[in-house]
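Participant: First, the structure itself, so that you have it in front of you.
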Amino acid sequence: MKKFLSLLSFVALMMLNACDSATVVTPSTDQVSFLIDGGEQVVDISSDGRWSVGNCPDWVKTDVQDGRLVIKTGHNDSGALRQGDIVLTGKNVSSIIHVTQAAKCTHITPSSDKVEFGKDGGTQTVNIDTDGIPQVQASEGFTATYANGVLTVTAASNAVGARRGEIKLTCEDQSVTIFASQKGNVCKTCGGSGKLTCPQCHGKGWYPIEAAGGAAACERCGGRWNGFTDDSSDWRDGTGRIKCPDCGGTGFGD
Ligand SMILES: [Zn+2]
Ligand SMILES: [Zn+2]
């Protein structure tokens, strides 16, 4: 069976080769468009014989593979929309494929919208899907460079408090922001949480009043007593936590 098929395709091939130039050359599409970074697109060509590429813009390369036309373009550095026609010719017949290529960057899509560094700093990369060549700006404390679809962000060792910043990528009217953060020294008083257990209520949010045989909401940590009734529903306990006085609640140390 396999032999039979091979023989059949061989005969078909011979018949095709024996044919003269095509009297029908029909591309599956009469226009193809490329983004600014170029690429490769394949167009099927139906024909009844031999055909060739008669004319082609100088910024387009073509290749014929198995009766299909492979169209290739590089990055559009011209600053303007490019367009031109590929002409396919057979015997007294021709077809046109219109080719356009954008001059604008249409998207910048990072694989992550943040980079996080430890206190010792280091280097991290984010993959960037884009059809342009973005410009990069980084906040103080971070450096960033872009090349070939990869954003590389570096942070030096951090001797001060934790810091935050932004890495901004722009390409014409497209822009995207990646948030950068780095851990810093931690407040020894609160261990970085920015909060301490309330010293007045010891974390309960209320405290007993021995003399009255009752209890009161702790105002030191945000508790309230509306004062209308003695019923507990008229009370709101405190959180039991206060802002760390040493770091002002930031959790960062010296
Ligand atoms: Zn603190
Ligand atoms: Zn309290």
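Labels for the structure tokens follow display order: chains A, B, ..., residues from 1 in each chain, ligands from 1.
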Could you list, as a count of residues only, all protein and nucleic acid residues with an atom at most 12 Å from ligand 2, counting only C-alpha atoms and all ligand atoms?
Facilitator: 30
Participant: Just want the 8 Å neighbourhood of A:Arg163, counted on only C-alpha atoms, with same-chain residues fewer than 2 positions away dropped. Output as a VMD selection string.
Facilitator: chain A and resid 141 161 165 181 to 184
Participant: Go ahead and write the selection's residues with N, CA and C atoms as an mmCIF file, in the first residue's frame.
Facilitator:
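Okay, this is what ended up in out-v9.cif:
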```
data_model
loop_
_atom_site.group_PDB
_atom_site.id
_atom_site.type_symbol
_atom_site.label_atom_id
_atom_site.label_comp_id
_atom_site.auth_asym_id
_atom_site.auth_seq_id
_atom_site.Cartn_x
_atom_site.Cartn_y
_atom_site.Cartn_z
ATOM 1 N N GLY A 141 17.754 53.888 43.178
ATOM 2 C CA GLY A 141 17.952 52.661 43.947
ATOM 3 C C GLY A 141 17.901 51.418 43.064
ATOM 4 N N GLY A 161 16.297 51.860 55.024
ATOM 5 C CA GLY A 161 15.000 51.193 55.140
ATOM 6 C C GLY A 161 14.552 50.616 53.809
ATOM 7 N N GLY A 165 10.013 51.348 44.215
ATOM 8 C CA GLY A 165 10.251 52.165 43.028
ATOM 9 C C GLY A 165 9.494 51.603 41.851
ATOM 10 N N SER A 181 10.615 46.535 44.514
ATOM 11 C CA SER A 181 10.727 46.757 45.952
ATOM 12 C C SER A 181 11.959 46.035 46.486
ATOM 13 N N GLN A 182 12.488 46.574 47.561
ATOM 14 C CA GLN A 182 13.654 45.952 48.184
ATOM 15 C C GLN A 182 13.531 46.049 49.696
ATOM 16 N N LYS A 183 13.779 44.945 50.333
ATOM 17 C CA LYS A 183 13.743 44.934 51.795
ATOM 18 C C LYS A 183 14.925 45.742 52.332
ATOM 19 N N GLY A 184 14.726 46.335 53.504
ATOM 20 C CA GLY A 184 15.801 47.109 54.122
ATOM 21 C C GLY A 184 15.988 46.660 55.549
#
```
Participant: Counting only C-alpha atoms and all ligand atoms, name the residues that have an atom within 6 Å of an atom of ligand 1; the answer should be given as a PyMOL selection string.
Facilitator: chain A and resi 187+189-190+192+194+244+246-247+249+251
Participant: Can you tell me which residues surround stretch 153-159 of chain A at a distance of at most 8 Å, considering only C-alpha atoms, apart from same-chain residues fewer than 5 positions away, and format the answer as a tab-separated table (two decimals) with N, CA and C atoms, in the first residue's frame?
Facilitator:
```tsv
chain	number	residue	atom	x	y	z
A	115	VAL	N	9.07	43.26	40.64
A	115	VAL	CA	10.33	42.59	40.99
A	115	VAL	C	10.61	42.90	42.45
A	117	PHE	N	13.36	42.43	45.72
A	117	PHE	CA	14.74	42.13	46.10
A	117	PHE	C	14.87	42.01	47.60
A	119	LYS	N	17.42	42.38	51.03
A	119	LYS	CA	18.26	43.47	51.51
A	119	LYS	C	19.61	43.52	50.79
A	120	ASP	N	20.12	42.34	50.40
A	120	ASP	CA	21.43	42.28	49.76
A	120	ASP	C	21.40	42.66	48.28
A	121	GLY	N	20.22	42.89	47.73
A	121	GLY	CA	20.12	43.27	46.32
A	121	GLY	C	20.36	42.12	45.37
A	122	GLY	N	20.71	42.43	44.13
A	122	GLY	CA	20.95	41.39	43.13
A	122	GLY	C	20.37	41.80	41.79
A	123	THR	N	20.19	40.79	40.93
A	123	THR	CA	19.69	41.05	39.58
A	123	THR	C	18.51	40.14	39.30
A	124	GLN	N	17.46	40.70	38.68
A	124	GLN	CA	16.30	39.90	38.30
A	124	GLN	C	15.90	40.25	36.88
A	125	THR	N	15.30	39.28	36.20
A	125	THR	CA	14.88	39.52	34.82
A	125	THR	C	13.37	39.32	34.68
A	141	GLY	N	17.75	53.89	43.18
A	141	GLY	CA	17.95	52.66	43.95
A	141	GLY	C	17.90	51.42	43.06
A	142	PHE	N	17.37	51.58	41.85
A	142	PHE	CA	17.28	50.45	40.92
A	142	PHE	C	17.87	50.86	39.57
A	143	THR	N	18.47	49.90	38.88
A	143	THR	CA	18.89	50.17	37.50
A	143	THR	C	18.24	49.12	36.62
A	144	ALA	N	17.87	49.51	35.42
A	144	ALA	CA	17.18	48.58	34.52
A	144	ALA	C	17.62	48.79	33.08
A	145	THR	N	17.78	47.68	32.37
A	145	THR	CA	18.11	47.75	30.95
A	145	THR	C	17.23	46.76	30.20
A	182	GLN	N	12.49	46.57	47.56
A	182	GLN	CA	13.65	45.95	48.18
A	182	GLN	C	13.53	46.05	49.70
A	183	LYS	N	13.78	44.95	50.33
A	183	LYS	CA	13.74	44.93	51.79
A	183	LYS	C	14.93	45.74	52.33
A	184	GLY	N	14.73	46.34	53.50
A	184	GLY	CA	15.80	47.11	54.12
A	184	GLY	C	15.99	46.66	55.55
A	185	ASN	N	16.58	47.52	56.34
A	185	ASN	CA	16.74	47.20	57.76
A	185	ASN	C	15.38	47.20	58.45
```
Participant: Excluding same-chain residues fewer than 3 positions from A:Ser21, what lies within 8 Å of it counting only C-alpha atoms, as JSON, numbers by chain?
Facilitator: {"A": [48, 49, 50, 51, 90, 91]}
Participant: For C-alpha atoms, I'd like the residues from the last selection saved as a short mmCIF file (atom, residue, chain, number, x, y, z; two decimals), in the first residue's frame.
Facilitator:
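Saved file part08.cif follows:
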```
data_model
loop_
_atom_site.label_atom_id
_atom_site.label_comp_id
_atom_site.auth_asym_id
_atom_site.auth_seq_id
_atom_site.Cartn_x
_atom_site.Cartn_y
_atom_site.Cartn_z
CA ASP A 48 -2.05 24.54 -12.35
CA GLY A 49 1.60 24.83 -13.18
CA ARG A 50 4.79 26.70 -12.57
CA TRP A 51 4.81 30.24 -11.25
CA GLY A 90 2.53 32.36 -14.47
CA LYS A 91 1.81 32.12 -18.16
#
```
Participant: Compare A:Glu210, A:Glu172, A:Asp85, A:Glu116 by their minimum atom-to-atom distance to A:Gly54, counting only C-alpha atoms, and give me the closest one.
Facilitator: A:Asp85
Participant: Neighbouring residues of stretch 96-102 of chain A were defined as those with any atom within 6 Å, considering only C-alpha atoms; residues of the same chain fewer than 6 positions away were excluded. Please report them as a list in words.
Facilitator: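 Residues near the query, excluding close chain neighbours: Asp30, Gln31, Val32, Ser33, Phe34, Leu35, Ile36, Leu81, Arg82, Gln83, Gly84, Asp85, Ile86 and Val87 of chain A.
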Participant: Report, in Å with one decimal, the straight-line distance from atom CA of A:Thr170 to atom CA of A:Gly132.
Facilitator: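 So the two atoms, atom CA of A:Thr170 and atom CA of A:Gly132, lie 9.4 Å apart.
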Participant: Residues at most 10 Å from A:Asp58, counting only C-alpha atoms, excluding those fewer than 2 positions away in the same chain, as a VMD selection string?
Facilitator: chain A and resid 55 to 56 60 to 61 73 84
Participant: Could you pull out all residues of stretch 57-249 of chain A with a DSSP call of strand (DSSP E or B) and give them as a VMD selection string?
Facilitator: chain A and resid 60 to 65 68 to 73 82 to 89 94 to 101 108 to 110 114 to 117 122 to 130 135 to 138 142 to 147 150 to 155 163 to 171 174 to 182 186 195 to 197 206 to 209 214 to 217 224 to 225 235 to 236 241 to 243
Participant: One number please: atom CA of A:Thr62 to atom CA of A:Gln41, in Å, one decimal.
Facilitator: 9.8 Å
Participant: Take atom CA of A:Val93 and atom CA of A:Gly39 and report the distance between them in Å, one decimal.
Facilitator: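 Interatomic distance here is 28.6 Å.
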Participant: Of the candidates A:Ile178, A:Ile167, A:Leu88, A:Val64, which shows the shortest atom-to-atom distance to A:Ala22, using only C-alpha atoms?
Facilitator: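 When distances to A:Ala22 are compared using only C-alpha atoms, the smallest one comes from A:Leu88.
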Participant: Looking at A:Val176, A:Val53, A:Ala211, A:Leu69, which one is nearest to A:Ser28, with distances taken over only C-alpha atoms?
Facilitator: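 Closest to A:Ser28 of all the choices is A:Leu69.
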Participant: My list of candidates is A:Asp131, A:Ser52, A:Asp113, A:Ile108. Which is closest to A:Gly38 when distances are computed with only C-alpha atoms?
Facilitator: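 That would be A:Asp131, the residue with the smallest distance to A:Gly38.
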